[in-house]
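Participant: My structure is in query-v7.cif, and what it holds is mmCIF, C-alpha atoms:
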```
data_target
#
loop_
_atom_site.label_atom_id
_atom_site.label_comp_id
_atom_site.auth_asym_id
_atom_site.auth_seq_id
_atom_site.Cartn_x
_atom_site.Cartn_y
_atom_site.Cartn_z
CA MET A 1 64.73 142.97 142.81
CA SER A 2 66.13 143.25 146.30
CA VAL A 3 64.84 145.16 149.27
CA GLU A 4 66.78 146.29 152.31
CA TYR A 5 64.59 148.02 154.79
CA THR A 6 64.72 148.68 158.51
CA PHE A 7 61.83 150.00 160.54
CA GLY A 8 62.13 151.25 164.11
CA THR A 9 65.06 150.73 166.40
CA TYR A 10 66.39 147.36 165.46
CA ASP A 11 68.88 146.33 168.10
CA GLU A 12 70.43 143.06 166.99
CA ASP A 13 72.65 142.48 169.98
CA SER A 14 70.86 143.73 173.02
CA ASP A 15 73.08 143.67 176.11
CA LEU A 16 70.04 143.44 178.32
CA PRO A 17 70.05 140.05 180.09
CA SER A 18 66.75 138.24 179.72
CA ILE A 19 65.19 136.56 182.74
CA SER A 20 63.15 134.16 180.66
CA GLU A 21 63.44 132.85 177.11
CA PHE A 22 61.45 130.68 174.79
CA GLU A 23 62.01 129.80 171.15
CA VAL A 24 59.91 127.66 168.83
CA ARG A 25 60.57 126.62 165.23
CA PHE A 26 57.69 125.62 163.00
CA MET A 27 57.23 124.23 159.55
CA PRO A 28 54.71 126.72 158.13
CA LEU A 29 53.06 123.79 156.34
CA ASP A 30 52.01 122.29 159.68
CA LEU A 31 50.24 125.49 160.66
CA VAL A 32 48.70 126.07 157.23
CA ALA A 33 47.33 122.51 157.30
CA HIS A 34 45.80 123.06 160.76
CA TRP A 35 45.35 126.79 161.16
CA ARG A 36 44.12 126.63 164.75
CA ARG A 37 47.63 125.55 165.74
CA CYS A 38 48.58 129.24 165.45
CA GLY A 39 46.04 130.21 168.10
CA MET A 40 46.89 127.19 170.27
CA THR A 41 50.57 128.15 170.20
CA ALA A 42 49.82 131.80 170.95
CA ASP A 43 47.57 130.82 173.86
CA PHE A 44 50.17 128.44 175.26
CA LEU A 45 53.05 130.92 175.07
CA ALA A 46 50.89 133.73 176.45
CA TYR A 47 49.76 131.51 179.32
CA PHE A 48 53.37 130.54 180.00
CA LEU A 49 54.44 134.20 180.18
CA SER A 50 51.35 135.54 181.93
CA HIS A 51 52.29 133.96 185.26
CA ALA A 52 55.04 136.56 185.60
CA PHE A 53 52.43 139.34 185.86
CA ARG A 54 50.39 140.71 188.73
CA ASN A 55 47.32 140.67 186.54
CA PRO A 56 47.75 137.45 184.51
CA ASP A 57 44.31 137.58 182.88
CA SER A 58 44.90 141.03 181.42
CA ALA A 59 48.43 140.10 180.27
CA LEU A 60 47.17 136.85 178.74
CA GLY A 61 44.70 138.57 176.40
CA THR A 62 47.24 141.03 175.05
CA LEU A 63 50.11 138.54 174.79
CA SER A 64 48.01 135.94 173.00
CA THR A 65 46.67 138.52 170.55
CA VAL A 66 50.11 139.91 169.70
CA ILE A 67 51.85 136.50 169.47
CA ASN A 68 49.03 135.16 167.29
CA GLU A 69 49.23 138.09 164.86
CA LEU A 70 53.01 137.74 164.52
CA LEU A 71 52.83 133.98 164.04
CA GLU A 72 49.91 134.12 161.58
CA ASN A 73 51.75 136.71 159.47
CA ALA A 74 55.04 134.78 159.51
CA VAL A 75 53.26 131.60 158.39
CA LYS A 76 50.95 133.25 155.87
CA PHE A 77 53.74 135.12 154.11
CA SER A 78 56.34 132.32 154.12
CA ALA A 79 57.35 131.72 150.52
CA ASP A 80 58.35 128.09 151.04
CA LYS A 81 56.06 126.41 153.53
CA ARG A 82 58.83 123.90 154.32
CA VAL A 83 61.33 126.53 155.46
CA PRO A 84 60.90 127.02 159.21
CA VAL A 85 59.53 130.17 160.79
CA VAL A 86 60.98 130.98 164.20
CA LEU A 87 59.10 132.57 167.05
CA SER A 88 61.07 133.71 170.07
CA LEU A 89 60.11 135.38 173.31
CA SER A 90 62.36 137.13 175.80
CA HIS A 91 61.25 138.53 179.11
CA PHE A 92 63.56 141.32 180.25
CA GLY A 93 61.60 142.26 183.35
CA GLU A 94 60.32 145.67 182.33
CA VAL A 95 59.72 144.66 178.72
CA ILE A 96 58.77 141.56 176.76
CA GLY A 97 60.29 141.02 173.31
CA ILE A 98 58.51 138.83 170.78
CA THR A 99 60.27 138.10 167.50
CA ALA A 100 59.00 136.29 164.41
CA THR A 101 61.32 135.36 161.56
CA ASN A 102 60.37 134.05 158.13
CA THR A 103 61.38 134.12 154.48
CA CYS A 104 58.90 135.75 152.11
CA ARG A 105 58.56 136.32 148.37
CA ASP A 106 60.24 139.36 146.79
CA ALA A 107 56.91 140.97 145.90
CA HIS A 108 55.71 140.70 149.49
CA ALA A 109 58.97 142.19 150.80
CA GLU A 110 58.43 145.19 148.56
CA ARG A 111 54.78 145.65 149.59
CA PHE A 112 55.61 145.18 153.28
CA ALA A 113 58.38 147.80 153.12
CA GLY A 114 55.91 150.16 151.40
CA PHE A 115 53.36 149.56 154.14
CA LEU A 116 55.95 150.15 156.89
CA GLU A 117 56.98 153.39 155.25
CA ARG A 118 53.35 154.54 155.47
CA LEU A 119 53.27 153.44 159.12
CA ARG A 120 56.39 155.52 159.75
CA THR A 121 55.14 158.68 158.09
CA GLU A 122 51.35 158.74 158.39
CA ASP A 123 48.98 159.29 161.29
CA ILE A 124 48.22 155.81 162.64
CA ASP A 125 44.50 156.40 163.27
CA ASP A 126 44.09 157.60 159.68
CA LEU A 127 46.11 154.64 158.41
CA PHE A 128 43.84 152.24 160.34
CA VAL A 129 40.76 153.68 158.62
CA SER A 130 42.39 153.88 155.20
CA GLN A 131 43.57 150.24 155.35
CA ILE A 132 40.07 149.07 156.31
CA GLU A 133 38.55 150.98 153.41
CA HIS A 134 41.22 149.68 151.07
CA ASN A 135 40.64 146.08 152.28
CA ALA A 136 36.93 146.37 151.59
CA GLU A 137 37.76 146.62 147.89
CA SER A 138 40.45 143.98 147.77
CA ALA A 139 40.41 140.26 148.45
CA GLN A 140 44.08 140.21 149.43
CA GLY A 141 45.09 138.99 152.85
CA GLU A 142 47.66 141.74 153.31
CA SER A 143 45.84 144.26 155.43
CA GLY A 144 48.60 145.23 157.83
CA LEU A 145 45.77 145.65 160.32
CA GLY A 146 47.42 143.30 162.83
CA ILE A 147 50.59 145.40 162.84
CA ILE A 148 48.64 148.66 163.05
CA THR A 149 46.57 147.51 166.04
CA MET A 150 49.66 146.20 167.88
CA VAL A 151 51.24 149.64 167.71
CA LYS A 152 48.06 151.72 168.03
CA ASP A 153 46.17 149.75 170.68
CA TYR A 154 48.71 147.65 172.58
CA GLY A 155 51.50 150.22 172.95
CA ALA A 156 53.89 147.89 171.13
CA SER A 157 57.18 149.21 169.92
CA LEU A 158 57.85 147.71 166.51
CA ALA A 159 61.09 146.95 164.72
CA VAL A 160 61.37 145.19 161.37
CA ARG A 161 64.31 144.20 159.25
CA ILE A 162 63.87 143.07 155.65
CA THR A 163 66.96 141.75 153.85
CA PRO A 164 67.61 139.59 150.77
CA ALA A 165 67.54 135.95 151.90
CA GLU A 166 70.95 134.49 152.57
CA GLY A 167 71.86 132.03 149.87
CA GLY A 168 68.42 131.69 148.43
CA GLU A 169 65.40 133.27 146.84
CA GLY A 170 63.15 135.78 148.54
CA HIS A 171 63.71 137.97 151.58
CA ASP A 172 64.29 137.31 155.25
CA VAL A 173 61.87 139.21 157.44
CA VAL A 174 62.39 139.72 161.15
CA VAL A 175 59.54 141.39 163.02
CA ARG A 176 60.20 142.31 166.63
CA VAL A 177 57.57 143.65 168.97
CA VAL A 178 58.42 144.98 172.40
CA LEU A 179 55.65 145.25 174.96
CA ASN A 180 55.84 147.17 178.19
CA ALA A 181 55.30 144.93 181.23
CA GLU A 182 53.50 147.69 183.13
CA GLU A 183 51.08 148.16 180.26
CA LEU A 184 50.46 144.40 180.18
CA ASP A 185 49.52 144.47 183.86
CA ARG A 186 47.03 147.26 183.41
CA ALA A 187 43.55 145.80 183.49
CA MET B 1 20.46 131.07 161.10
CA ASN B 2 23.06 129.29 163.20
CA ILE B 3 26.66 128.25 162.61
CA GLU B 4 28.42 126.16 165.19
CA THR B 5 31.98 124.83 165.15
CA ASP B 6 34.39 123.61 167.84
CA ASP B 7 35.83 127.13 168.13
CA PHE B 8 32.91 129.50 167.67
CA ALA B 9 29.18 129.89 167.22
CA VAL B 10 27.15 132.47 165.31
CA SER B 11 23.41 133.00 165.66
CA ILE B 12 21.13 135.47 163.91
CA GLU B 13 17.59 136.24 165.01
CA GLY B 14 15.83 139.09 163.24
CA ASP B 15 17.81 142.28 163.77
CA ARG B 16 20.21 140.80 166.32
CA SER B 17 23.15 138.47 166.07
CA ARG B 18 25.50 136.91 168.55
CA LEU B 19 29.05 135.67 168.06
CA VAL B 20 30.65 133.44 170.69
CA GLY B 21 34.06 131.82 171.08
CA VAL B 22 37.40 132.26 169.31
CA LEU B 23 37.47 133.67 165.77
CA ARG B 24 40.94 133.18 164.32
CA LEU B 25 40.22 132.00 160.78
CA ALA B 26 43.00 131.98 158.19
CA THR B 27 41.82 134.55 155.65
CA PRO B 28 39.21 137.27 155.08
CA ALA B 29 37.65 134.86 152.56
CA ALA B 30 37.16 132.26 155.33
CA TYR B 31 35.17 134.86 157.26
CA LYS B 32 32.74 135.32 154.38
CA LYS B 33 30.55 132.38 155.40
CA ILE B 34 30.01 134.04 158.79
CA PHE B 35 29.73 137.64 157.72
CA ASP B 36 27.70 137.27 154.51
CA PRO B 37 24.62 136.14 156.49
CA LEU B 38 25.19 139.03 158.94
CA THR B 39 25.30 141.49 156.04
CA ASP B 40 22.10 139.94 154.60
CA ALA B 41 20.39 140.33 157.99
CA LEU B 42 21.55 143.95 158.18
CA THR B 43 20.14 144.57 154.69
CA ALA B 44 16.79 143.03 155.68
CA ASN B 45 16.37 145.25 158.76
CA ASP B 46 16.31 148.97 159.55
CA ALA B 47 18.99 148.59 162.19
CA PHE B 48 21.21 145.77 163.38
CA THR B 49 22.99 144.65 166.55
CA VAL B 50 26.01 142.37 166.86
CA ASP B 51 26.80 140.96 170.29
CA ILE B 52 30.48 140.02 170.58
CA VAL B 53 30.69 140.02 174.40
CA GLU B 54 31.68 136.36 174.43
CA VAL B 55 34.22 136.52 171.60
CA LYS B 56 37.42 135.90 173.50
CA PHE B 57 39.76 136.42 170.55
CA MET B 58 39.37 137.74 167.02
CA ASN B 59 42.36 138.00 164.71
CA SER B 60 42.99 140.90 162.36
CA SER B 61 41.28 139.12 159.44
CA GLY B 62 38.20 138.91 161.67
CA ILE B 63 38.44 142.59 162.55
CA THR B 64 38.66 143.27 158.80
CA ALA B 65 35.47 141.22 158.29
CA LEU B 66 33.68 143.03 161.13
CA SER B 67 34.81 146.35 159.64
CA ARG B 68 33.24 145.36 156.33
CA LEU B 69 29.92 144.93 158.12
CA VAL B 70 30.35 148.44 159.55
CA LEU B 71 31.07 149.75 156.03
CA ALA B 72 27.95 147.95 154.74
CA ALA B 73 25.89 149.71 157.45
CA ARG B 74 27.44 153.02 156.38
CA GLN B 75 26.64 152.34 152.74
CA GLN B 76 23.02 151.53 153.66
CA ASP B 77 22.92 154.47 156.09
CA LYS B 78 21.67 152.25 158.92
CA PRO B 79 22.39 152.24 162.66
CA LEU B 80 24.63 149.40 163.78
CA THR B 81 25.32 148.51 167.40
CA ILE B 82 28.24 146.40 168.59
CA LEU B 83 27.90 145.05 172.12
CA GLY B 84 31.24 144.20 173.70
CA THR B 85 33.01 144.05 177.02
CA GLU B 86 35.93 145.87 178.60
CA ALA B 87 37.02 142.56 180.14
CA VAL B 88 38.40 141.32 176.82
CA ALA B 89 41.60 143.05 175.66
CA TRP B 90 41.00 143.18 171.89
CA GLN B 91 37.45 144.50 172.33
CA LYS B 92 38.43 147.22 174.79
CA LYS B 93 41.44 148.31 172.75
CA THR B 94 40.37 148.05 169.12
CA ILE B 95 36.59 148.02 168.68
CA THR B 96 35.94 151.67 169.59
CA SER B 97 38.25 152.69 166.71
CA LEU B 98 35.63 151.35 164.29
CA LYS B 99 33.38 154.28 165.20
CA ARG B 100 35.47 156.40 162.86
CA LEU B 101 34.10 154.37 159.95
CA HIS B 102 30.41 155.10 160.47
CA LYS B 103 28.58 157.89 162.32
CA LYS B 104 25.67 155.58 163.13
CA LEU B 105 27.84 152.93 164.76
CA THR B 106 27.34 152.55 168.50
CA VAL B 107 29.85 150.57 170.52
CA GLU B 108 28.62 149.60 173.98
CA LEU B 109 31.24 148.03 176.22
CA SER B 110 29.89 146.50 179.44
#
```
Could the structure of this file be written out as structure tokens, please?
Facilitator:
Amino acid sequence: MSVEYTFGTYDEDSDLPSISEFEVRFMPLDLVAHWRRCGMTADFLAYFLSHAFRNPDSALGTLSTVINELLENAVKFSADKRVPVVLSLSHFGEVIGITATNTCRDAHAERFAGFLERLRTEDIDDLFVSQIEHNAESAQGESGLGIITMVKDYGASLAVRITPAEGGEGHDVVVRVVLNAEELDRA
Amino acid sequence: MNIETDDFAVSIEGDRSRLVGVLRLATPAAYKKIFDPLTDALTANDAFTVDIVEVKFMNSSGITALSRLVLAARQQDKPLTILGTEAVAWQKKTITSLKRLHKKLTVELS
């Protein structure tokens, strides 16, 4: 089974020059073994970026929340916990791009594409409620709630690409979130 | 009932509870040990209040767990109040959306 799915405007080679860049590679195993490392990393990267804003405290809260959700998902859904996940941040001035890359199991790729298709076609407020009600009856960790809140509450523009993993099992997943700098500055 | 860890603290007294710190646990199951006692306290009272003003961060698994408490209040047809603050991004942006789950949910943001 192979899935090829693209959500949103996925611009692989942006010509926009970034004014600041940061990339971190993790062994998922290290973060699974000590889960709070996800939050520590998110806080650190958010703090690093927040100094570029007029209202650093407001930017910090949003950046840390979004980075943490992307990192937690990338780690949680990594098929092989010894294959690195990559988290990269680019500050383009008016927008901030945050990208998480990981390799997931085939079944997850299929479910994730299905979820994104719902996100694309359904009303997001209704989807938020329906996912919460669905979660209440299931013990699975795949709520999609992090993705929904990023788009619904943080004005994030979301792009995802799911492709069969190069030379291996599973699927490569790239999740890119773009946040508006002006929105981040708003208290 | 009190739970205290390096990252967060939970206290329950009668019909009120207070969560403090950073709640970024790995799975919804990990949240059970915090939220099961809250649900029990809700069940034992006619109404219940959860103070999250000092919860700096809560990940989406935590929001799922908090939503389950709201759904439990709906199922029991009881008023639930969440006390939060506009000063914390996730509270200001996401918590009011939970009102759609339960007519008797009040969200007060200071």
Participant: Enumerate, as a list of chain:residue names, the residues matched when the PyMOL selection byres ((chain A) within 6 of (chain B)) is run on the file above.
Facilitator: A:Gly61, A:Leu145, A:Gly146, A:Asp153
Participant: In Å to one decimal, how far is atom CA of B:Gly62 from atom CA of A:Ala42?
Facilitator: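 According to the coordinates, atom CA of A:Ala42 and atom CA of B:Gly62 are separated by 16.5 Å.
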Participant: Tell me which residues the PyMOL selection byres ((chain B and resi 10) around 10) grabs here, as JSON, numbers by chain.
Facilitator: {"B": [1, 2, 3, 4, 5, 8, 9, 11, 12, 17, 18, 19, 20, 21, 34, 35, 37, 38, 51, 52]}
Participant: Report as a ChimeraX atom specification all protein, DNA and RNA residues lying within 8 Å of A:Ala74, evaluated on all atoms listed in the file, omitting residues in the same chain fewer than 4 positions from it.
Facilitator: /A:70,78,85,100-102
Participant: Generate the output file for the selected residues, C-alpha atoms, as a PDB file, keeping the file's coordinate frame.
Facilitator:
```pdb
ATOM      1  CA  LEU A  70      53.010 137.740 164.520  1.00  0.00           C
ATOM      2  CA  SER A  78      56.340 132.320 154.120  1.00  0.00           C
ATOM      3  CA  VAL A  85      59.530 130.170 160.790  1.00  0.00           C
ATOM      4  CA  ALA A 100      59.000 136.290 164.410  1.00  0.00           C
ATOM      5  CA  THR A 101      61.320 135.360 161.560  1.00  0.00           C
ATOM      6  CA  ASN A 102      60.370 134.050 158.130  1.00  0.00           C
TER       7      ASN A 102
END
```
Participant: Given the file above and the PyMOL selection byres ((chain A and resi 46) around 9), which residues are selected, and can you give them as a list in words?
Facilitator: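 That selection, the PyMOL selection byres ((chain A and resi 46) around 9), comes back as Thr41, Ala42, Asp43, Phe44, Leu45, Tyr47, Phe48, Leu49, Ser50, His51, Ala59, Leu60, Gly61, Thr62, Leu63, Ser64, Thr65 and Ile67 of chain A.
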Participant: Nearest to A:Ser88: which of A:Ser143, A:Gly167, A:Glu4, A:Leu71 is it, counting all atoms listed in the file?
Facilitator: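 Using all atoms listed in the file, A:Ser88 sits closest to A:Leu71.
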Participant: Which residue is closest to A:Phe53? Choose from A:Val3, A:Ala181, A:Val173, A:Ile19 and count all atoms listed in the file.
Facilitator: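 That would be A:Ala181, the residue with the smallest distance to A:Phe53.
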Participant: So what do you get for atom CA of B:Thr43 versus atom CA of B:Lys78, distance-wise?
Facilitator: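 Interatomic distance here is 8.9 Å.
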Participant: Atom CA of B:Val107 to atom CA of A:Leu119: how many Å, to one decimal?
Facilitator: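 Separating atom CA of B:Val107 from atom CA of A:Leu119 is a distance of 26.2 Å.
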Participant: Near B:Ala44, within 9 Å and counting only C-alpha atoms, which residues show up once chain neighbours fewer than 4 positions away are dropped, as number ranges by chain?
Facilitator: B: 14-15, 39-40
Participant: Give me the residues near stretch 161-166 of chain A as a ChimeraX atom specification, where near means some atom within 10 Å (using only C-alpha atoms) and where sequence neighbours in that chain fewer than 4 positions away do not count.
Facilitator: /A:1-10,12,101-106,109-110,112-113,170-176
Participant: Can you tell me, as a ChimeraX atom specification, what residues are no more than 12 Å from A:His34 when counting all atoms listed in the file, ignoring any on the same chain fewer than 3 positions away?
Facilitator: /A:27-31,37-41,72,75 /B:24-26
Participant: Residues at most 10 Å from A:Gly155, counting all atoms listed in the file, excluding those fewer than 4 positions away in the same chain, as a PyMOL selection string?
Facilitator: chain A and resi 149-151+177-180+183-184
Participant: Using the selection just defined, write its residues with C-alpha atoms as an mmCIF file, in the frame of the given file.
Facilitator:
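Output file again_9.cif is given in full below:
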```
data_model
loop_
_atom_site.group_PDB
_atom_site.id
_atom_site.type_symbol
_atom_site.label_atom_id
_atom_site.label_comp_id
_atom_site.auth_asym_id
_atom_site.auth_seq_id
_atom_site.Cartn_x
_atom_site.Cartn_y
_atom_site.Cartn_z
ATOM 1 C CA THR A 149 46.570 147.510 166.040
ATOM 2 C CA MET A 150 49.660 146.200 167.880
ATOM 3 C CA VAL A 151 51.240 149.640 167.710
ATOM 4 C CA VAL A 177 57.570 143.650 168.970
ATOM 5 C CA VAL A 178 58.420 144.980 172.400
ATOM 6 C CA LEU A 179 55.650 145.250 174.960
ATOM 7 C CA ASN A 180 55.840 147.170 178.190
ATOM 8 C CA GLU A 183 51.080 148.160 180.260
ATOM 9 C CA LEU A 184 50.460 144.400 180.180
#
```
Participant: Box for stretch 29-42 of chain A: with edges along x, y and z, all listed atoms inside and 3 Å added on each side, what are the centre and edge lengths in Å to one decimal, as JSON?
Facilitator:
```
{"center_x": 48.6, "center_y": 127.0, "center_z": 163.6, "size_x": 14.9, "size_y": 15.5, "size_z": 20.6}
```
Participant: Select, from A:Glu169, A:Glu69, A:Asp57, A:Glu122, the residue with the minimum atom-to-atom distance to A:Leu87, counting only C-alpha atoms.
Facilitator: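 Nearest to A:Leu87: A:Glu69.
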Participant: My list of candidates is A:Lys81, A:Asp125, A:Ala136, A:Val95. Which is closest to B:Thr96 when distances are computed with only C-alpha atoms?
Facilitator: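 Going through A:Lys81, A:Asp125, A:Ala136, A:Val95 one by one, the smallest distance to B:Thr96 is for A:Asp125.
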Participant: Name the closest residue to B:Thr49 among the candidates B:Arg74, B:His102, B:Lys32, B:Arg16; distances are taken between atoms, counting only C-alpha atoms.
Facilitator: B:Arg16
Participant: Here is a test: counting all atoms listed in the file, which residue of B:Gln91, B:Val53, B:Asp36, B:Leu42 is nearest to B:Gln75?
Facilitator: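 Using all atoms listed in the file, the shortest distance to B:Gln75 belongs to B:Leu42.
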Participant: Hey, could you patch up stretch 95-108 of chain B with N, CA, C and O atoms and hand it over as a compact mmCIF listing (two decimals), in the frame of the given file?
Facilitator:
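Result saved to part.txt:
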```txt
# COMPACT_ATOMS: atom_id res chain seq x y z
N ILE B 95 37.93 147.88 169.26
CA ILE B 95 36.59 148.02 168.68
C ILE B 95 36.09 149.48 168.61
O ILE B 95 35.45 149.88 167.64
N THR B 96 36.43 150.28 169.62
CA THR B 96 35.94 151.67 169.59
C THR B 96 36.50 152.45 168.39
O THR B 96 35.86 153.38 167.92
N SER B 97 37.67 152.01 167.88
CA SER B 97 38.25 152.69 166.71
C SER B 97 37.34 152.58 165.48
O SER B 97 37.43 153.39 164.56
N LEU B 98 36.49 151.55 165.46
CA LEU B 98 35.63 151.35 164.29
C LEU B 98 34.58 152.45 164.15
O LEU B 98 34.00 152.64 163.08
N LYS B 99 34.37 153.19 165.26
CA LYS B 99 33.38 154.28 165.20
C LYS B 99 33.75 155.33 164.16
O LYS B 99 32.90 156.03 163.63
N ARG B 100 35.03 155.42 163.87
CA ARG B 100 35.47 156.40 162.86
C ARG B 100 34.97 156.06 161.46
O ARG B 100 35.00 156.90 160.56
N LEU B 101 34.53 154.80 161.29
CA LEU B 101 34.10 154.37 159.95
C LEU B 101 32.66 154.78 159.65
O LEU B 101 32.27 154.88 158.49
N HIS B 102 31.85 154.94 160.70
CA HIS B 102 30.41 155.10 160.47
C HIS B 102 29.80 155.91 161.63
O HIS B 102 29.90 155.48 162.79
N LYS B 103 29.15 157.02 161.28
CA LYS B 103 28.58 157.89 162.32
C LYS B 103 27.48 157.19 163.11
O LYS B 103 27.21 157.51 164.26
N LYS B 104 26.79 156.25 162.46
CA LYS B 104 25.67 155.58 163.13
C LYS B 104 26.09 154.26 163.77
O LYS B 104 25.25 153.40 164.02
N LEU B 105 27.38 154.12 164.03
CA LEU B 105 27.84 152.93 164.76
C LEU B 105 27.92 153.25 166.25
O LEU B 105 28.54 154.24 166.65
N THR B 106 27.25 152.42 167.05
CA THR B 106 27.34 152.55 168.50
C THR B 106 28.12 151.36 169.04
O THR B 106 27.83 150.23 168.68
N VAL B 107 29.11 151.66 169.88
CA VAL B 107 29.85 150.57 170.52
C VAL B 107 29.56 150.65 172.02
O VAL B 107 29.84 151.66 172.65
N GLU B 108 28.93 149.62 172.54
CA GLU B 108 28.62 149.60 173.98
C GLU B 108 29.47 148.54 174.64
O GLU B 108 29.31 147.34 174.38
```
